[in-house]
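Asks: Contents are mmCIF, C-alpha atoms; file name run02.cif:
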data_work
loop_
_atom_site.label_atom_id
_atom_site.label_comp_id
_atom_site.auth_asym_id
_atom_site.auth_seq_id
_atom_site.Cartn_x
_atom_site.Cartn_y
_atom_site.Cartn_z
CA TYR A 9 -50.77 -57.00 -62.92
CA LEU A 10 -48.81 -59.45 -65.07
CA GLY A 11 -48.72 -56.86 -67.82
CA LYS A 12 -47.21 -54.32 -65.47
CA VAL A 13 -44.66 -56.87 -64.33
CA ALA A 14 -43.70 -57.69 -67.90
CA GLN A 15 -43.55 -54.04 -68.90
CA GLY A 16 -41.44 -53.20 -65.85
CA GLY A 17 -39.07 -56.05 -66.59
CA GLY A 18 -38.60 -54.93 -70.18
CA LEU A 19 -37.94 -51.30 -69.35
CA GLY A 20 -35.76 -52.27 -66.39
CA ALA A 21 -33.63 -54.39 -68.69
CA LEU A 22 -33.36 -51.51 -71.14
CA ALA A 23 -32.35 -49.15 -68.34
CA GLY A 24 -29.72 -51.63 -67.20
CA LEU A 25 -28.23 -51.85 -70.68
CA THR A 26 -27.85 -48.06 -70.85
CA ALA A 27 -26.73 -47.52 -67.23
CA GLY A 28 -23.01 -47.82 -67.99
CA GLY A 29 -20.44 -49.95 -66.22
CA GLU A 30 -18.35 -52.84 -67.45
CA SER A 31 -21.08 -55.54 -67.82
CA PRO A 32 -24.15 -54.31 -69.70
CA MET A 33 -25.70 -57.81 -69.80
CA THR A 34 -25.41 -58.16 -66.05
CA ASN A 35 -26.97 -54.71 -65.70
CA ALA A 36 -29.83 -55.75 -67.97
CA GLY A 37 -30.54 -58.95 -66.04
CA VAL A 38 -30.58 -57.25 -62.68
CA GLY A 39 -32.51 -54.32 -64.13
CA ALA A 40 -35.20 -56.66 -65.41
CA ALA A 41 -35.54 -58.27 -62.00
CA VAL A 42 -35.72 -54.95 -60.21
CA GLY A 43 -38.11 -53.42 -62.76
CA SER A 44 -40.46 -56.40 -62.50
CA ALA A 45 -40.61 -56.28 -58.72
CA ILE A 46 -41.07 -52.58 -57.99
CA PRO A 47 -44.66 -51.59 -56.95
CA ALA A 48 -46.53 -48.89 -58.83
CA VAL A 49 -46.03 -46.00 -56.41
CA ALA A 50 -43.92 -43.07 -57.61
CA GLN A 51 -41.93 -41.84 -54.61
CA PRO A 52 -41.22 -45.23 -52.97
CA ILE A 53 -40.19 -46.56 -56.37
CA ALA A 54 -37.50 -43.90 -56.74
CA ALA A 55 -35.94 -44.83 -53.42
CA ILE A 56 -36.27 -48.60 -53.97
CA GLY A 57 -34.93 -48.37 -57.53
CA LYS A 58 -31.89 -46.47 -56.34
CA ALA A 59 -31.30 -48.86 -53.47
CA GLY A 60 -31.72 -51.79 -55.86
CA TYR A 61 -29.10 -50.42 -58.19
CA HIS A 62 -26.64 -49.64 -55.42
CA SER A 63 -27.13 -53.05 -53.79
CA LEU A 64 -27.45 -55.37 -56.78
CA VAL A 65 -25.87 -53.84 -59.86
CA GLU A 66 -23.24 -51.32 -58.81
CA PRO A 67 -21.12 -53.62 -56.59
CA TRP A 68 -20.59 -56.02 -59.50
CA THR A 69 -20.31 -53.61 -62.45
CA ASN A 70 -19.13 -50.23 -61.13
CA PRO A 71 -17.24 -50.54 -57.82
CA ALA A 72 -15.50 -47.22 -58.53
CA ALA A 73 -18.80 -45.51 -57.72
CA ILE A 74 -18.75 -47.04 -54.23
CA LYS A 75 -15.19 -45.86 -53.74
CA GLY A 76 -16.13 -42.40 -55.00
CA ARG A 77 -19.02 -42.18 -52.54
CA ALA A 78 -16.63 -43.03 -49.69
CA PHE A 79 -14.34 -40.19 -50.74
CA LEU A 80 -17.31 -37.85 -51.14
CA GLU A 81 -18.76 -38.74 -47.76
CA ALA A 82 -15.40 -38.12 -46.12
CA ALA A 83 -14.96 -34.80 -47.94
CA GLY A 84 -18.45 -33.56 -47.05
CA ASP A 85 -19.03 -29.84 -47.59
CA LYS A 86 -15.30 -29.30 -48.13
CA ALA A 87 -15.20 -31.36 -51.33
CA ASP A 88 -14.36 -28.43 -53.62
CA GLU A 89 -11.57 -27.20 -51.32
CA ILE A 90 -10.16 -30.70 -51.00
CA ILE A 91 -10.24 -31.27 -54.78
CA ALA A 92 -8.33 -28.00 -55.33
CA ALA A 93 -5.73 -28.87 -52.67
CA LEU A 94 -5.26 -32.40 -54.02
CA ARG A 95 -4.80 -31.16 -57.57
CA GLN A 96 -2.20 -28.66 -56.38
CA ASN A 97 -0.44 -31.49 -54.51
CA LYS A 98 1.92 -28.97 -52.91
CA GLN A 99 5.43 -30.12 -52.02
CA ILE A 100 6.53 -27.83 -49.20
CA VAL A 101 9.95 -29.50 -49.23
CA PRO A 102 11.22 -30.66 -52.64
CA GLY A 103 10.89 -34.43 -52.81
CA SER A 104 8.55 -34.68 -49.81
CA MET A 105 5.45 -35.94 -51.61
CA PRO A 106 2.34 -35.50 -49.46
CA THR A 107 -0.35 -38.13 -49.11
CA ALA A 108 -3.92 -37.15 -49.95
CA GLY A 109 -4.72 -36.58 -46.29
CA GLU A 110 -1.71 -34.30 -45.87
CA ALA A 111 -2.31 -32.41 -49.11
CA ALA A 112 -5.91 -31.76 -48.01
CA VAL A 113 -4.91 -30.31 -44.61
CA PRO A 114 -5.67 -26.69 -45.69
CA ALA A 115 -9.34 -27.67 -46.06
CA GLY A 116 -9.46 -28.74 -42.40
CA ARG A 117 -11.76 -31.75 -42.91
CA ALA A 118 -11.20 -34.20 -40.03
CA GLU A 119 -13.27 -36.99 -41.61
CA PHE A 120 -11.13 -36.97 -44.75
CA ALA A 121 -7.94 -37.08 -42.68
CA ASN A 122 -9.27 -40.06 -40.75
CA LEU A 123 -10.11 -41.88 -43.98
CA GLN A 124 -6.39 -41.85 -44.69
CA ARG A 125 -5.61 -42.90 -41.12
CA GLN A 126 -7.64 -46.05 -41.84
CA ALA A 127 -5.88 -46.44 -45.19
CA GLN A 128 -2.51 -46.42 -43.43
CA GLY A 129 -3.62 -49.40 -41.39
CA ILE A 130 -4.60 -51.28 -44.55
CA ALA A 131 -1.31 -50.67 -46.40
CA PRO A 132 1.24 -49.95 -43.64
CA SER A 133 4.34 -50.78 -45.66
CA ALA A 134 3.45 -48.36 -48.44
CA TYR A 135 2.78 -45.53 -46.00
CA ASP A 136 5.92 -46.29 -44.01
CA ALA A 137 7.90 -46.06 -47.24
CA ARG A 138 6.30 -42.69 -48.05
CA ALA A 139 7.13 -41.41 -44.55
CA GLY A 140 10.74 -42.49 -45.07
CA GLU A 141 10.91 -40.62 -48.37
CA GLN A 142 9.50 -37.49 -46.73
CA ALA A 143 12.01 -37.67 -43.87
CA ALA A 144 14.90 -38.13 -46.32
CA ALA A 145 13.75 -35.10 -48.32
CA ARG A 146 13.57 -32.94 -45.19
CA LEU A 147 17.02 -34.03 -44.08
CA ALA A 148 18.43 -33.30 -47.54
CA GLN A 149 16.87 -29.84 -47.42
CA VAL A 150 18.51 -29.00 -44.08
CA ARG A 151 21.82 -30.30 -45.43
CA THR A 152 21.72 -27.80 -48.29
CA VAL A 153 22.60 -25.36 -45.49
CA GLY A 154 24.63 -27.49 -43.07
CA GLN A 155 26.37 -29.66 -45.66
CA THR A 156 28.79 -32.12 -44.00
CA SER A 157 31.27 -32.10 -41.14
CA GLN A 158 34.09 -32.46 -43.68
CA ALA A 159 32.89 -29.38 -45.58
CA LEU A 160 32.73 -27.39 -42.34
CA ALA A 161 36.25 -28.46 -41.32
CA SER A 162 37.55 -27.43 -44.75
CA ALA A 163 35.90 -23.99 -44.51
CA GLU A 164 37.30 -23.43 -41.01
CA ALA A 165 40.79 -24.42 -42.19
CA SER A 166 40.55 -21.99 -45.09
CA ARG A 167 39.53 -19.17 -42.74
CA SER A 168 42.36 -19.94 -40.34
CA ALA A 169 44.89 -20.04 -43.15
CA ALA A 170 43.82 -16.60 -44.35
CA ALA A 171 43.36 -14.77 -41.04
CA GLY A 172 45.67 -16.66 -38.68
CA PRO A 173 48.98 -15.15 -39.84
CA LEU A 174 47.46 -11.66 -39.76
CA TYR A 175 46.28 -12.11 -36.18
CA ALA A 176 49.69 -13.43 -35.17
CA ALA A 177 51.46 -10.48 -36.72
CA ALA A 178 49.17 -8.02 -34.92
CA ARG A 179 49.46 -9.76 -31.55
CA GLU A 180 53.20 -10.34 -31.59
CA GLY A 181 54.37 -7.21 -33.32
CA GLY A 182 55.44 -5.63 -30.06
CA ALA A 183 53.72 -2.31 -30.85
CA VAL A 184 52.97 -0.13 -27.86
CA VAL A 185 49.29 0.74 -27.56
CA THR A 186 49.15 4.41 -26.62
CA GLU A 187 45.33 4.58 -26.64
CA GLY A 188 45.15 2.69 -23.36
CA PRO A 189 44.41 5.76 -21.23
CA ALA A 190 41.37 6.68 -23.36
CA VAL A 191 39.92 3.18 -22.98
CA VAL A 192 40.55 3.16 -19.24
CA GLN A 193 38.81 6.53 -18.97
CA LYS A 194 35.80 5.14 -20.83
CA ILE A 195 35.71 2.25 -18.35
CA ASN A 196 35.82 4.71 -15.44
CA ASP A 197 32.91 6.64 -16.94
CA LEU A 198 30.84 3.46 -17.28
CA LEU A 199 31.60 2.49 -13.70
CA ALA A 200 30.54 5.92 -12.45
CA LYS A 201 27.26 5.79 -14.34
CA ASN A 202 26.34 2.21 -13.35
CA PRO A 203 27.55 1.64 -9.79
CA GLY A 204 24.64 -0.65 -8.94
CA ASN A 205 25.08 -2.99 -11.92
CA ARG A 206 27.23 -5.60 -10.21
CA GLU A 207 27.64 -7.79 -13.26
CA LEU A 208 28.84 -4.89 -15.40
CA VAL A 209 31.10 -3.59 -12.62
CA THR A 210 32.76 -7.01 -12.36
CA GLU A 211 33.37 -7.28 -16.10
CA LEU A 212 34.73 -3.71 -16.37
CA ALA A 213 37.02 -4.16 -13.38
CA ASN A 214 38.57 -7.25 -14.99
CA ILE A 215 39.10 -5.40 -18.27
CA LYS A 216 40.62 -2.38 -16.54
CA LYS A 217 42.99 -4.60 -14.57
CA GLY A 218 44.20 -6.23 -17.77
CA LEU A 219 44.93 -2.86 -19.36
CA LEU A 220 47.32 -1.69 -16.60
CA ASN A 221 50.91 -2.81 -16.38
CA GLU A 222 52.70 -3.60 -13.16
CA SER A 223 53.43 0.07 -12.43
CA GLY A 224 49.83 1.08 -13.08
CA SER A 225 50.64 2.70 -16.39
CA THR A 226 48.37 2.28 -19.41
CA ARG A 227 51.25 2.21 -21.89
CA ILE A 228 50.97 -1.47 -22.74
CA ASP A 229 51.96 -3.63 -25.72
CA ALA A 230 49.78 -5.28 -28.36
CA GLN A 231 50.14 -8.77 -26.91
CA GLN A 232 48.73 -7.65 -23.55
CA VAL A 233 45.82 -5.86 -25.24
CA SER A 234 45.14 -8.96 -27.37
CA SER A 235 44.84 -10.98 -24.18
CA VAL A 236 42.32 -8.43 -22.87
CA LEU A 237 40.41 -8.66 -26.16
CA ASP A 238 40.17 -12.43 -25.79
CA GLY A 239 38.70 -11.92 -22.31
CA ILE A 240 36.14 -9.43 -23.61
CA LYS A 241 35.08 -11.83 -26.37
CA ALA A 242 34.67 -14.65 -23.83
CA ALA A 243 32.55 -12.38 -21.62
CA MET A 244 30.38 -11.37 -24.59
CA ALA A 245 29.86 -15.00 -25.60
CA LYS A 246 28.20 -15.82 -22.27
CA GLU A 247 26.46 -12.48 -21.82
CA ASP A 248 22.71 -12.21 -22.51
CA ASN A 249 22.12 -8.70 -21.16
CA ARG A 250 21.94 -6.39 -24.18
CA PHE A 251 23.16 -3.29 -22.30
CA ILE A 252 26.23 -5.05 -20.89
CA LYS A 253 26.92 -6.68 -24.25
CA GLY A 254 26.74 -3.26 -25.93
CA ALA A 255 29.21 -1.76 -23.47
CA LEU A 256 31.63 -4.63 -23.97
CA THR A 257 31.30 -4.38 -27.74
CA GLY A 258 32.29 -0.70 -27.62
CA LEU A 259 35.41 -1.41 -25.57
CA LYS A 260 36.33 -4.32 -27.85
CA ASN A 261 36.09 -2.12 -30.93
CA ASP A 262 38.20 0.60 -29.32
CA LEU A 263 40.95 -1.83 -28.37
CA THR A 264 40.87 -3.53 -31.76
CA ALA A 265 41.41 -0.20 -33.47
CA ALA A 266 44.31 0.52 -31.12
CA ILE A 267 46.39 -2.48 -32.24
CA PRO A 268 48.12 -2.02 -35.60
CA GLY A 269 46.99 -4.64 -38.09
CA MET A 270 44.24 -6.08 -35.85
CA GLU A 271 41.33 -4.52 -37.73
CA HIS A 272 42.62 -5.90 -41.03
CA ALA A 273 42.96 -9.38 -39.53
CA GLN A 274 39.38 -9.19 -38.26
CA GLN A 275 38.10 -8.02 -41.64
CA VAL A 276 39.71 -11.01 -43.35
CA PHE A 277 38.34 -13.35 -40.68
CA ALA A 278 34.82 -11.85 -41.06
CA ALA A 279 34.95 -12.17 -44.85
CA LYS A 280 35.75 -15.88 -44.57
CA SER A 281 33.19 -16.54 -41.80
CA PRO A 282 29.74 -16.61 -43.53
CA PRO A 283 30.09 -20.11 -45.03
CA VAL A 284 31.42 -21.39 -41.70
CA ASN A 285 28.61 -19.82 -39.68
CA GLN A 286 25.96 -21.03 -42.13
CA MET A 287 27.19 -24.61 -41.97
CA GLN A 288 27.41 -24.43 -38.18
CA VAL A 289 23.78 -23.27 -37.91
CA GLY A 290 22.61 -25.85 -40.47
CA GLN A 291 24.33 -28.70 -38.64
CA TYR A 292 22.91 -27.51 -35.32
CA LEU A 293 19.40 -27.55 -36.83
CA GLU A 294 20.03 -31.03 -38.25
CA GLY A 295 20.89 -32.18 -34.75
CA LYS A 296 17.58 -30.80 -33.50
CA LEU A 297 15.70 -32.53 -36.33
CA THR A 298 17.20 -36.01 -36.19
CA ASN A 299 18.22 -38.57 -33.62
CA PRO A 300 22.04 -38.51 -33.58
CA LEU A 301 22.12 -42.28 -33.07
CA ASP A 302 19.59 -43.12 -35.80
CA GLU A 303 18.88 -40.88 -38.80
CA THR A 304 15.93 -43.10 -39.77
CA ALA A 305 14.14 -42.53 -36.44
CA ARG A 306 11.08 -40.29 -36.30
CA GLN A 307 12.07 -36.68 -36.84
CA ARG A 308 11.60 -34.26 -33.96
CA ALA A 309 9.24 -31.52 -35.13
CA ALA A 310 8.95 -29.70 -31.79
CA GLY A 311 12.71 -29.52 -31.16
CA TYR A 312 13.38 -28.28 -34.67
CA ALA A 313 10.66 -25.62 -34.57
CA GLY A 314 11.89 -24.49 -31.15
CA ALA A 315 15.43 -24.03 -32.47
CA LEU A 316 14.12 -21.81 -35.27
CA ARG A 317 12.07 -19.73 -32.83
CA ASP A 318 15.05 -19.24 -30.51
CA ALA A 319 17.24 -17.76 -33.23
CA PRO A 320 19.71 -15.91 -30.95
CA GLY A 321 20.23 -18.98 -28.76
CA THR A 322 20.57 -21.23 -31.79
CA ILE A 323 23.20 -18.99 -33.40
CA LYS A 324 25.12 -18.59 -30.17
CA ARG A 325 25.19 -22.31 -29.44
CA ALA A 326 26.00 -23.21 -33.03
CA THR A 327 28.71 -20.65 -33.77
CA GLY A 328 29.82 -19.32 -30.41
CA ALA A 329 29.30 -15.84 -31.90
CA PRO A 330 27.22 -13.48 -29.75
CA ARG A 331 26.96 -10.76 -32.38
CA PHE A 332 23.92 -12.16 -34.26
CA ASP A 333 20.30 -11.94 -33.08
CA GLU A 334 18.39 -13.15 -36.15
CA LEU A 335 18.87 -16.01 -38.58
CA THR A 336 18.66 -13.44 -41.39
CA GLN A 337 22.02 -12.14 -40.17
CA VAL A 338 23.63 -15.54 -40.78
CA LEU A 339 21.66 -17.35 -43.48
CA THR A 340 20.94 -16.22 -47.03
CA PRO A 341 17.26 -15.78 -48.04
CA GLN A 342 17.43 -19.10 -49.92
CA GLN A 343 18.90 -20.90 -46.90
CA LEU A 344 16.31 -19.38 -44.58
CA ALA A 345 13.54 -20.50 -46.93
CA ALA A 346 15.02 -24.02 -46.93
CA VAL A 347 15.12 -24.43 -43.14
CA ASN A 348 11.67 -22.85 -42.76
CA SER A 349 10.19 -25.20 -45.38
CA VAL A 350 11.24 -28.19 -43.27
CA ARG A 351 9.44 -26.67 -40.28
CA ASP A 352 6.30 -26.10 -42.37
CA ASP A 353 6.36 -29.62 -43.80
CA LEU A 354 6.58 -31.07 -40.29
CA ALA A 355 3.78 -28.76 -39.14
CA ARG A 356 1.52 -30.01 -41.94
CA GLY A 357 2.13 -33.59 -40.85
CA ALA A 358 1.32 -32.70 -37.24
CA ARG A 359 -1.88 -30.94 -38.32
CA PHE A 360 -2.90 -34.01 -40.32
CA GLU A 361 -2.43 -36.24 -37.27
CA ASP A 362 -4.54 -33.88 -35.18
CA LEU A 363 -7.37 -33.84 -37.75
CA ALA A 364 -7.24 -37.62 -38.19
CA GLY A 365 -7.73 -38.13 -34.47
CA LYS A 366 -10.68 -35.74 -34.35
CA GLY A 367 -12.37 -37.44 -37.31
CA ALA A 368 -12.24 -40.95 -35.85
CA THR A 369 -15.93 -41.16 -34.92
CA ALA A 370 -17.40 -39.51 -38.02
CA ALA A 371 -15.35 -40.75 -40.98
CA PRO A 372 -16.77 -43.50 -43.24
CA ARG A 373 -15.49 -46.97 -42.29
CA ILE A 374 -13.39 -48.85 -44.80
CA GLY A 375 -11.86 -52.30 -44.75
CA GLY A 376 -13.82 -53.74 -41.84
CA GLU A 377 -16.33 -56.55 -41.71
CA ILE A 378 -19.83 -55.23 -42.38
CA GLY A 379 -23.09 -57.08 -41.81
CA ALA A 380 -23.82 -60.68 -40.92
CA ARG A 381 -21.39 -63.34 -42.07
CA ALA A 382 -21.55 -67.09 -42.15
CA PRO A 383 -18.68 -68.85 -40.33
CA ALA A 384 -16.33 -69.60 -43.20
CA MET A 385 -14.50 -72.51 -41.59
CA LEU A 386 -13.48 -74.70 -44.52
CA SER A 387 -16.78 -74.39 -46.34
CA ARG A 388 -16.51 -73.11 -49.91
CA ALA A 389 -20.24 -72.37 -49.86
CA ALA A 390 -19.84 -70.17 -46.79
CA MET A 391 -16.97 -68.29 -48.43
CA ILE A 392 -19.06 -67.66 -51.53
CA TYR A 393 -22.00 -66.58 -49.37
CA ASN A 394 -19.84 -64.08 -47.50
CA ALA A 395 -18.48 -62.64 -50.73
CA ILE A 396 -21.98 -62.20 -52.12
CA ILE A 397 -23.25 -60.54 -48.92
CA THR A 398 -20.36 -58.09 -49.02
CA LYS A 399 -21.16 -57.22 -52.64
CA LEU A 400 -24.87 -56.86 -52.05
CA GLU A 401 -24.36 -54.37 -49.22
CA GLY A 402 -22.91 -51.90 -51.73
CA LYS A 403 -20.29 -50.75 -49.22
CA VAL A 404 -16.52 -50.59 -49.22
CA ASP A 405 -15.14 -54.08 -48.84
CA LYS A 406 -11.52 -55.05 -48.20
CA LYS A 407 -10.63 -55.05 -51.89
CA LEU A 408 -11.98 -51.53 -52.41
CA ALA A 409 -10.42 -50.44 -49.12
CA SER A 410 -7.03 -51.59 -50.42
CA GLU A 411 -7.60 -49.61 -53.61
CA ILE A 412 -8.47 -46.53 -51.54
CA ALA A 413 -5.33 -47.00 -49.45
CA VAL A 414 -3.12 -47.08 -52.54
CA GLU A 415 -4.98 -44.25 -54.26
CA MET A 416 -4.57 -41.92 -51.27
CA LEU A 417 -0.83 -41.99 -51.87
CA ASN A 418 -1.59 -40.15 -55.13
CA PRO A 419 -3.48 -36.91 -54.32
CA PRO A 420 -4.30 -35.92 -57.96
CA GLN A 421 -5.85 -39.35 -58.54
CA VAL A 422 -8.04 -38.94 -55.45
CA ALA A 423 -9.02 -35.49 -56.73
CA GLU A 424 -10.32 -37.02 -59.97
CA SER A 425 -12.23 -39.76 -58.12
CA LEU A 426 -13.79 -37.11 -55.91
CA ALA A 427 -14.69 -34.90 -58.87
CA GLN A 428 -16.37 -37.81 -60.67
CA ALA A 429 -18.28 -38.76 -57.51
CA LYS A 430 -19.40 -35.16 -57.15
CA VAL A 431 -20.73 -35.16 -60.72
CA ARG A 432 -22.61 -38.40 -60.10
CA ALA A 433 -24.09 -37.07 -56.88
CA SER A 434 -25.26 -33.87 -58.59
CA ARG A 435 -26.88 -35.81 -61.43
CA ASN A 436 -28.55 -38.15 -58.98
CA ALA A 437 -30.02 -35.25 -57.03
CA VAL A 438 -31.59 -33.77 -60.16
CA LEU A 439 -33.08 -37.07 -61.29
CA THR A 440 -34.36 -37.94 -57.84
CA LYS A 441 -36.18 -34.63 -57.62
CA ALA A 442 -37.72 -35.22 -61.04
CA LEU A 443 -38.91 -38.69 -60.00
CA GLN A 444 -40.50 -37.34 -56.85
CA GLN A 445 -42.48 -34.80 -58.87
CA THR A 446 -43.65 -37.16 -61.60
CA GLN A 447 -46.31 -39.86 -61.38
CA LEU A 448 -45.07 -42.41 -63.90
CA PRO A 449 -46.05 -46.04 -64.42
CA SER A 450 -44.02 -48.37 -62.29
CA SER A 451 -41.99 -49.71 -65.18
CA ALA A 452 -40.89 -46.27 -66.37
CA ILE A 453 -39.92 -45.20 -62.86
CA ALA A 454 -37.90 -48.37 -62.46
CA GLY A 455 -35.93 -47.52 -65.59
CA GLN A 456 -35.40 -43.93 -64.57
CA ALA A 457 -34.26 -44.99 -61.10
CA MET A 458 -31.69 -47.28 -62.65
CA ARG A 459 -30.37 -44.37 -64.69
CA GLU A 460 -30.24 -41.82 -61.88
CA ALA A 461 -28.42 -44.21 -59.58
CA GLU A 462 -25.55 -44.45 -62.04
#
Could I get this structure in the form of structure tokens?
Replies:
Amino acid sequence: YLGKVAQGGGLGALAGLTAGGESPMTNAGVGAAVGSAIPAVAQPIAAIGKAGYHSLVEPWTNPAAIKGRAFLEAAGDKADEIIAALRQNKQIVPGSMPTAGEAAVPAGRAEFANLQRQAQGIAPSAYDARAGEQAAARLAQVRTVGQTSQALASAEASRSAAAGPLYAAAREGGAVVTEGPAVVQKINDLLAKNPGNRELVTELANIKKGLLNESGSTRIDAQQVSSVLDGIKAAMAKEDNRFIKGALTGLKNDLTAAIPGMEHAQQVFAAKSPPVNQMQVGQYLEGKLTNPLDETARQRAAGYAGALRDAPGTIKRATGAPRFDELTQVLTPQQLAAVNSVRDDLARGARFEDLAGKGATAAPRIGGEIGARAPAMLSRAAMIYNAIITKLEGKVDKKLASEIAVEMLNPPQVAESLAQAKVRASRNAVLTKALQQTQLPSSAIAGQAMREAE
């Protein structure tokens, strides 16, 4: 018996020296103790040797392995997907760096998301700072479209300077519009075809009234027709019925063509309008994203996404122009990609929060008090005892939890920790299977168990 104990101690010490880690001598001492104490039964020895390493050696010499196991447990069967997503570390919005939990959202692993939720509670200031950086990046992205109120005012002034004199010349030129009878006849035809459409009848009656002079003649001047045009545009701006809007658009185009110089004025105005309309839409979306009283407040994902979905309403409220139905008619492809990227970035954050909540009961615990503790009070001995107990449990203590919290702000770093933990777990599985199939002397099994645990 004493020979077996001595042999086990010697081989256990040798296994400890070759197990890796930062303190080979500590490994050797603990390995000798474990090797000397393990009974000569193959399968129980494998389990006890592994437990001995995890509990006695690993916490002191290789805490990264404990951290890696926490990541691996949280990743579960989605480890490969999570590693790939973390290595990609996709920035949906330039400058909006995701956390590990957010970067891993495509894998859909609730336990991994909740691991970060716990990490946020351990290092709240760091995560609050990251959230602030993300919000600033999203706001900057929207402002690539909306720019500033000063830029919008400048663009509107430039448009007015170019088109204003042309409109004035067309309106005040005193030309007699001889096409009035044709337009009135078109109105009469519409009234005859749609007698039951009260809303359309009302609008057409107002237009027809404006086109007749005091004697009932349709020979009217440009200024009077311009006033009618303004009324049609106002009616179109509040009109949501596509049929009525189409009828009004046709009459507007006919009257515009009837006024000398009016079409040219409108062409100049239209040519100068895209930058104005784009900034108007961008600033409207910014208002939906942020709190107007506090830009640093939590951004409003639902309101912003709703504004993008309701493109016609958004354009109409932002520009006052009823002629656009899709954002593609106002924004360039690059601008559309920018505003959509903000929506997608916010959606990823919302998905992370949803997963984190669902993983609350199943994720590995980090940072909490584990196991029995002696009341520390002012006793140095009790403090030392508590520290030793925490180490011997081989679980994530507060120090490792803090390291995890910081590391999860760097997705590629978490990916490497996960990959290393996966390699260790695979090697352990192979060695454990070999131990279970081999009847070795107790000392040899002790040494092998020390190796496979690492």
Asks: Give as a PyMOL selection string the residues that the PyMOL selection byres ((chain A and resi 367) around 9) matches when applied to the coordinates above.
Replies: chain A and resi 117-123+362-366+368-371
Asks: Distance CA of Ala108 in chain A-CA of Val422 in chain A, one decimal place?
Replies: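 Taking CA of Ala108 in chain A as the start and CA of Val422 in chain A as the end point, the length is 7.1 Å.
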Asks: Need the shell around range 342-352 of chain A: protein/DNA/RNA residues with any atom at most 7 Å away, counting only C-alpha atoms. Skip same-chain ones fewer than 3 positions apart. Format as a list in words?
Replies: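 The residues satisfying every condition are Ile100, Val101, Arg146, Gln149, Val150, Val153, Ala313, Leu339, Ala355 and Arg356 of chain A.
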Asks: Give me, please, the distance in Å between CA of Val414 in chain A and CA of Thr107 in chain A, quoted to one decimal.
Replies: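 Between these atoms lies a distance of 10.0 Å.
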Asks: In terms of the shortest atom-to-atom distance over only C-alpha atoms, which of A:Ala134, A:Pro102, A:Ala329, A:Leu208 is closest to Ala245 in chain A?
Replies: A:Ala329
Asks: Since the input is missing atoms, can you rebuild N, CA, C and O atoms for range 93-102 of chain A and write them as a short mmCIF file (atom, residue, chain, number, x, y, z; two decimals), keeping the file's coordinate frame?
Replies:
data_model
loop_
_atom_site.label_atom_id
_atom_site.label_comp_id
_atom_site.auth_asym_id
_atom_site.auth_seq_id
_atom_site.Cartn_x
_atom_site.Cartn_y
_atom_site.Cartn_z
N ALA A 93 -6.99 -28.61 -53.39
CA ALA A 93 -5.73 -28.87 -52.67
C ALA A 93 -5.05 -30.12 -53.21
O ALA A 93 -3.82 -30.16 -53.36
N LEU A 94 -5.84 -31.16 -53.52
CA LEU A 94 -5.26 -32.40 -54.02
C LEU A 94 -4.67 -32.21 -55.41
O LEU A 94 -3.64 -32.79 -55.75
N ARG A 95 -5.33 -31.41 -56.23
CA ARG A 95 -4.80 -31.16 -57.57
C ARG A 95 -3.51 -30.34 -57.50
O ARG A 95 -2.60 -30.54 -58.31
N GLN A 96 -3.43 -29.43 -56.55
CA GLN A 96 -2.20 -28.66 -56.38
C GLN A 96 -1.07 -29.56 -55.90
O GLN A 96 0.07 -29.43 -56.32
N ASN A 97 -1.40 -30.49 -54.99
CA ASN A 97 -0.44 -31.49 -54.51
C ASN A 97 0.88 -30.83 -54.11
O ASN A 97 1.96 -31.20 -54.57
N LYS A 98 0.78 -29.83 -53.23
CA LYS A 98 1.92 -28.97 -52.91
C LYS A 98 3.03 -29.71 -52.17
O LYS A 98 2.80 -30.32 -51.14
N GLN A 99 4.24 -29.63 -52.72
CA GLN A 99 5.43 -30.12 -52.02
C GLN A 99 6.06 -28.95 -51.28
O GLN A 99 6.65 -28.07 -51.91
N ILE A 100 5.93 -28.92 -49.98
CA ILE A 100 6.53 -27.83 -49.20
C ILE A 100 8.05 -27.96 -49.23
O ILE A 100 8.78 -26.97 -49.36
N VAL A 101 8.52 -29.19 -49.10
CA VAL A 101 9.95 -29.50 -49.23
C VAL A 101 10.12 -30.30 -50.52
O VAL A 101 9.41 -31.28 -50.73
N PRO A 102 11.02 -29.90 -51.41
CA PRO A 102 11.22 -30.66 -52.64
C PRO A 102 11.49 -32.13 -52.35
O PRO A 102 12.37 -32.46 -51.55
#
